[in-house]
Number of protein chains: 2
Amino acid sequence: MTIVTTTDPRSGTTIDTTLVESDHGEVDRTVRASCQAAAALAAMTRLERADLLERIAAVIDVAAPALVDAALTETGLPAPRLRGEVARSSGQFRLFAEVVRDGAHVEAAIDHAGESPAGPLPDVRRMLMPIGPIAVFGASNFPFAFSVLGGDTASALAAGCAVVTKAHPAHPLTSQLSIQVLREALDVHEDAVTGVFGMTAGADLVRHPDIAAVTLTGSLRAARAIQALIDEREEPIPFYGELGSLNPLVILPGAADERPAALADGLHASFTGSGGQLCTKPGLACIPTGTSGDLVVERLRELVDGAPAATMLTEGMRDAFSTGIDTLVAAGASVIARGDTGEGGGANAAPVLLTADAADVHGPIAEECFGPALTVVRYADPSELTAALHQLPAALTVTLHTGATDADTARALMPTLIARAGRVVLNGFPTGVRVSWAQQHGGPWPATNSLHTSVGATAIRRFLRPIAFQDVPDELLPAELRDSACDIPRRVDGVLVRADA
Amino acid sequence: MTIVTTTDPRSGTTIDTTLVESDHGEVDRTVRASCQAAAALAAMTRLERADLLERIAAVIDVAAPALVDAALTETGLPAPRLRGEVARSSGQFRLFAEVVRDGAHVEAAIDHAGESPAGPLPDVRRMLMPIGPIAVFGASNFPFAFSVLGGDTASALAAGCAVVTKAHPAHPLTSQLSIQVLREALDVHEDAVTGVFGMTAGADLVRHPDIAAVTLTGSLRAARAIQALIDEREEPIPFYGELGSLNPLVILPGAADERPAALADGLHASFTGSGGQLCTKPGLACIPTGTSGDLVVERLRELVDGAPAATMLTEGMRDAFSTGIDTLVAAGASVIARGDTGEGGGANAAPVLLTADAADVHGPIAEECFGPALTVVRYADPSELTAALHQLPAALTVTLHTGATDADTARALMPTLIARAGRVVLNGFPTGVRVSWAQQHGGPWPATNSLHTSVGATAIRRFLRPIAFQDVPDELLPAELRDSACDIPRRVDGVLVRADA
C-alpha cells in the first residue's frame with residue numbers, strides 16, 4: 001500500500017495525504033463500476049443529460065472556494081488565475097449542456113427508402129452514439145480546466161460516456177476533491193466519474209479491456225508511453241493527446257513600427273503568465289531587424305531583466321525548465337536577459353529571454369521549453385518568413401502581428417500559417433483560450449496526435465461513433481431518428497432540416 | 001526492375017503487363033507531385049471542386065465498358081456485378097459533389113467578439129480544412145468501389161486532398177486504367193491522383209513524410225503491417241482501416257415461423273454472392289431450434305449441396321478460404337453441406353455450410369472466413385442471444401429477422417445490436433450497401449480501427465482537420481468564414497443558420 005504524497009511548490013514542503021495508490025484490483029473494480037454507469041448515461045435522454053451537465057456546473061461553482069484553496073497549496077498558481085480556471089470549468093459544462101440540448105452533434109441523418117436503376121433502396125438512418133468509459137489523464141498545468149473537472153470530462157459526459165480520471169501526481173488532493181464534487185452532482189449516477197491514483201494504476205487503466213478511449217493533456221514522453229500501452233492491447237482504442245507546442249509569433253515590420261512597446265508588453269505578459277506553463281505560450285518570436293524591432297527587443301529585455309521569479313508547478317518542472325534552457329544555449333541560443341531566481345526552498349524559476357539566428361532554429365532550438373522562456377529570432381525581410389515557419393514544428397497556435405503596411409505580406413503568409421497550426425491569431429496573443437462553439441485546440445503533430453480538438457463544442461466528437469439503422473421501424477429507433485417531430489437539426493434525404501419549433 | 005504480373009482467376013493464366021514496380025525514387029517523385037497537386041486542390045473553391053467531382057463521375061461512366069473488361073479478366077467477378085460497381089463508383093463521386101456543394105461538411109462556425117465577466121472575448125471562427133496527400137490502399141474484392149475509383153479516393157478529393165493509390169496486386173491493370181481515367185478527368189490537376197505498384201512501394205508510401213493519412217480496405221494482417229510502419233514514422237499520421245467482420249445474422253422464432261424458405265433463400269444469396277467475398281457477408285447465422293428453424297437450415301443445406309463453385313479473386317484467396325474452413329472444423333464446427341469444387345486451373349471454391357454449438361462460438365469459430373461459407377448456430381431460447389452476441393467479435397453489421405410475435409425480443413436486443421456493430425439491419429441482408437448521406441460503414445474493432453466511416457457522406461471527415469481563426473479580418477479569411485452572405489450552413493454565435501437562399 002503506497003500512500004500518495006503531494007508538495008507545496010511555494011515552500012517545497014511535502015504533505016502526506018490519506019489517498020492510496022490504486023492497485024490492479026481497484027482499477028478493475030473502478031472500470032467495472034464505470035461500465036455500469038456508462039450504460040445508465042447512454043440510456044438517458046439528451047435533455048436529461050443536459051440537465052445533469054448544468055447541475056454539475058452549479059455544484060462546481062458552489063465548491064469553487066474549496067477547490068481554489070486545494071489548488072493553491074498544490075500548484076502555487078495565483079488565486080485569481082485559479083478562480084478563473086474554476087469558472088472556465090463550470091462554463092465548459094454549461095457549453096456542453098447547450099451542445100447536447102441543441103443535438104446537432106449527433107449528426108442525425110435519414111435517407112428514406114426509394115428506388116434506383118439498380119433496384120429498391122432501403123431506409124437508412126444514422127447518428128452518433130457514445131463509445132463507453134473514457135480514461136482521462138489530467139494535466140499538471142491546469143488543475144481544473146484540463147484535469148478532473150476539465151473539458152475532456154465535460155465532453156465525455158456530454159457524449160454519454162463515463163469517465164475514469166487518472167489524477168495528476170502534482171495535485172492529487174485537488175483531483176480527489178474534484179472527483180467528490182462531480183460525484184455529488186451526479187447523484188445516483190455517481191460512478192459516471194471515478195478516479196485512480198498512481199503511475200501503475202494509470203497503465204492498468206489504459207490496458208483495461210473495457211476502456212474505450214484515452215485522453216491526455218501532457219508531454220510527448222507521456223504520450224509515447226500511453227501509445228505503447230495501447231499498441232499492446234488486443235483491441236486498439238483511440239488516443240487523443242494534446243502534446244507539445246512552440247506557438248511561434250511573428251511581428252511584421254509595420255506592426256513593429258506602429259506599436260513596439262505594446263507588442264513587447266503583450267508578449268512579455270503572454271510568455272510569463274502562469275509561469276510560462278501554458279500549452280499556448282508563445283515560445284518563439286520572429287521580430288524584424290532594424291530600429292523598430294530593436295525597440296521591441298530592448299523593451300522585452302528590460303521587462304525580463306531582474307523580474308521576479310515564477311513559482312513553477314513542481315520542483316521537477318523547475319529542473320526540466322533549467323535543463324531546457326541549457327539545451328537551447330548548447331544548441332546555439334544566447335541568453336539576453338534573466339529575472340530573479342527567487343529565494344527559499346520552493347520551485348522558483350527566473351524568466352529567461354534568449355535570442356537565436358534564424359538559420360539555427362530547427363531541432364533542439366525549435367522545441368518547446370515549458371516555463372517562462374522566449375526565444376527571439378530576428379529576420380531582415382518578410383520573404384524569409386515562409387521558409388522559417390515551415391522549418392519549425394507545427395503548433396497549436398501561430399500568431400501574426402500586422403500594421404497598416406503589412407497587408408500584402410499577411411495575405412501571402414496565410415496559407416503557411418494555416419498549414420502549420422490549429423489556430424491562427426491576428427494581432428493578439430495565443431494564451432487565454434476562449435471556450436466557445438467555434439473554438440478549436442488542436443493542430444498537426446506534435447501539437448496533437450489526431451484530427452480532433454480538446455476544446456470547444458466539437459470536442460464531443462471524440463467520444464462518439466456512427467451507427468446506421470437499415471429498415472428499422474420507429475419503435476426500435478432512438479428518438480432522434482424517428483419520423484415524428486424532432487427537436488434537433490437533421491439531414492433528411494440530403495437536405496438539412498432545422499429542429500421543429 | 002520488377003515487371004508487374006496479373007492472373008486471370010478463371011483459368012489461372014498469368015499475364016505479363018507493361019507495368020513496373022515503383023522503386024524508392026519513383027515513390028518519392030510521385031508523392032512530391034501529389035503535394036503540388038494538393039496545394040492546387042486546396043486552393044480551389046468548393047464549387048470548382050464539386051464541378052471537378054462531377055466531371056470525374058461523367059468520365060468514369062464513359063469508360064465503364066473498358067473498366068469492366070479489365071476487371072473481368074483480373075477478378076473473375078461477373079459482368080453485371082462489375083457494371084453495378086462502376087456505377088456505384090461514379091455515383092460516389094456525384095454524392096461527394098453534392099456534399100461539397102452543400103458545404104455543411106466544413107462545419108463552419110463563427111463566434112463574434114463579445115464581453116464576459118473575465119474580460120473581452122476575441123472573435124473566433126472555425127472550419128475544417130484538407131490535411132494533404134492521402135495514401136489509398138485498394139481492396140481485392142472491390143476493384144472499383146473500394147479501389148482506385150473508390151470511396152476513399154472520392155472522399156479525399158472532395159476534402160481537397162490529393163490521392164496516391166497503392167494498386168492491389170490482384171488487379172494492377174484495372175488499377176492502372178482507373179488511374180488513367182481519373183487523370184484524364186482531372187486535366188491540369190492530373191497529379192491529384194497518382195499510383196504506385198508493388199509491396200515495397202506501398203511501404204515506402206506509408207513511410208513518406210509528406211503523406212498525411214493512410215486508408216486501407218483489407219485484412220487485419222495488412223492493417224497491422226501498415227500500423228507498424230506508421231509507428232516508425234517521426235510524425236504519426238491517421239490510419240483508417242476497414243478490416244474484418246463476421247456480420248452475425250439472427251433469425252427470431254416468429255420470423256422462422258412466418259417465412260422459413262424466403263429467409264433461407266435470402267441468406268444463401270447474401271453469403272454466396274460475389275463468391276462470399278464481401279466485407280458485409282453474413283458469416284454466422286443464429287437460427288432457433290424447432291421445426292421452423294429446421295426448415296430454414298434444411299433449405300440452406302439443399303441450396304448449398306452440389307451448388308456450382310465460386311470463382312475466387314485469386315488462387316491465394318481460394319487457398320486461404322480452404323484453410324479457413326479447416327480451421328473452423330478443427331475448432332469444432334461441422335460441415336453440413338458443400339457445393340461443387342469446379343474444374344480447371346482457376347481459383348474455384350465450393351460454397352460451404354457449417355454448423356457449430358453456441359457454446360463453441362468464440363475464438364477461431366467466431367473469426368471471419370472470407371469466401372462462400374456460413375456457420376449456422378442453433379439456439380433454444382432468445383434469452384441466450386444477448387450473451388451470445390457479446391461473445392462474438394464486433395462487426396460492420398448485425399442483422400435481425402423478426403416476425404409478428406418477436407416485438408419484445410427485438411426491443412430487448414437493440415442495445416446489444418447497437419453495441420456490437422456499425423449498422424443494424426432489420427429484416428433484410430447486410431450485403432448490398434446503399435451509398436447515401438445517412439450511410440455509414442464502420443464499427444468497433446475489428447470492423448474498423450477508428451470512429452469514422454469509409455462509406456457515405458461523412459467519410460470526408462477523415463481527411464479534414466479543424467482550424468480556428470482568432471480576430472482575423474474578412475480579407476484574410478476563407479470565403480466560408482466571412483461575415484458576408486454565405487452559401488453554406490454555419491453555426492453563428494451558437495445558432496445553426498442555413499445557407500443564404
# chains A, B, ... in the order shown; residues from 1 in each chain; ligands from 1

call {"tool": "interface_residues", "arguments": {"of": "chain B", "to": "chain A", "cutoff": "7 Å", "atoms": "only C-alpha atoms", "output": "PyMOL selection string"}}
result
chain B and resi 109-111+121+124-126+235+238+411+422-426+434+437-440+445+450-452+465-472+476+494

call {"tool": "write_last_selection", "arguments": {"atoms": "C-alpha atoms", "output": "CSV table (one decimal), in the first residue's frame"}}
result
chain,number,residue,atom,x,y,z
B,109,ALA,CA,-18.7,28.2,-37.0
B,110,ILE,CA,-18.4,31.9,-36.1
B,111,ASP,CA,-18.4,33.3,-32.6
B,121,LEU,CA,-13.7,37.8,-25.8
B,124,VAL,CA,-13.2,33.1,-33.1
B,125,ARG,CA,-14.1,31.3,-36.4
B,126,ARG,CA,-13.6,27.6,-37.2
B,235,GLU,CA,5.3,12.2,-37.3
B,238,PRO,CA,-4.1,8.8,-39.0
B,411,ARG,CA,-36.7,-4.3,-28.3
B,422,GLY,CA,-21.8,-0.2,-37.1
B,423,ARG,CA,-25.0,-0.9,-38.9
B,424,VAL,CA,-28.2,-2.6,-37.6
B,425,VAL,CA,-30.2,-4.3,-40.4
B,426,LEU,CA,-33.8,-5.3,-39.8
B,434,ARG,CA,-26.7,1.8,-50.2
B,437,TRP,CA,-26.0,10.7,-46.9
B,438,ALA,CA,-27.0,8.6,-43.9
B,439,GLN,CA,-25.0,5.5,-44.7
B,440,GLN,CA,-22.1,4.5,-42.5
B,445,TRP,CA,-12.7,-3.2,-33.7
B,450,SER,CA,-11.4,4.3,-35.9
B,451,LEU,CA,-14.6,6.2,-35.1
B,452,HIS,CA,-15.0,7.1,-38.7
B,465,ARG,CA,-8.8,19.0,-39.6
B,466,PRO,CA,-10.2,21.9,-37.8
B,467,ILE,CA,-8.5,25.4,-37.9
B,468,ALA,CA,-9.6,28.3,-35.7
B,469,PHE,CA,-9.1,31.9,-36.7
B,470,GLN,CA,-8.9,34.5,-33.9
B,471,ASP,CA,-9.6,38.1,-34.8
B,472,VAL,CA,-8.7,37.5,-38.4
B,476,LEU,CA,-7.7,37.1,-44.8
B,494,GLY,CA,-24.1,29.1,-31.2

call {"tool": "select_by_dssp", "arguments": {"residues": "stretch 32-281 of chain B", "states": "helix (DSSP H, G or I)", "output": "PyMOL selection string"}}
result
chain B and resi 32-43+46-75+79-102+104-106+151-159+172-192+199-207+220-232+253-258+260-276

call {"tool": "closest_residue", "arguments": {"among": "A:Thr355, A:Thr17, A:Thr431, A:Thr200", "to": "A:Gly332", "atoms": "only C-alpha atoms"}}
result
A:Thr355

call {"tool": "residues_around", "arguments": {"residues": "B:Ala156", "least_positions_apart": "6", "cutoff": "8 Å", "atoms": "only C-alpha atoms", "output": "PyMOL selection string"}}
result
chain B and resi 134+162-163+460+463
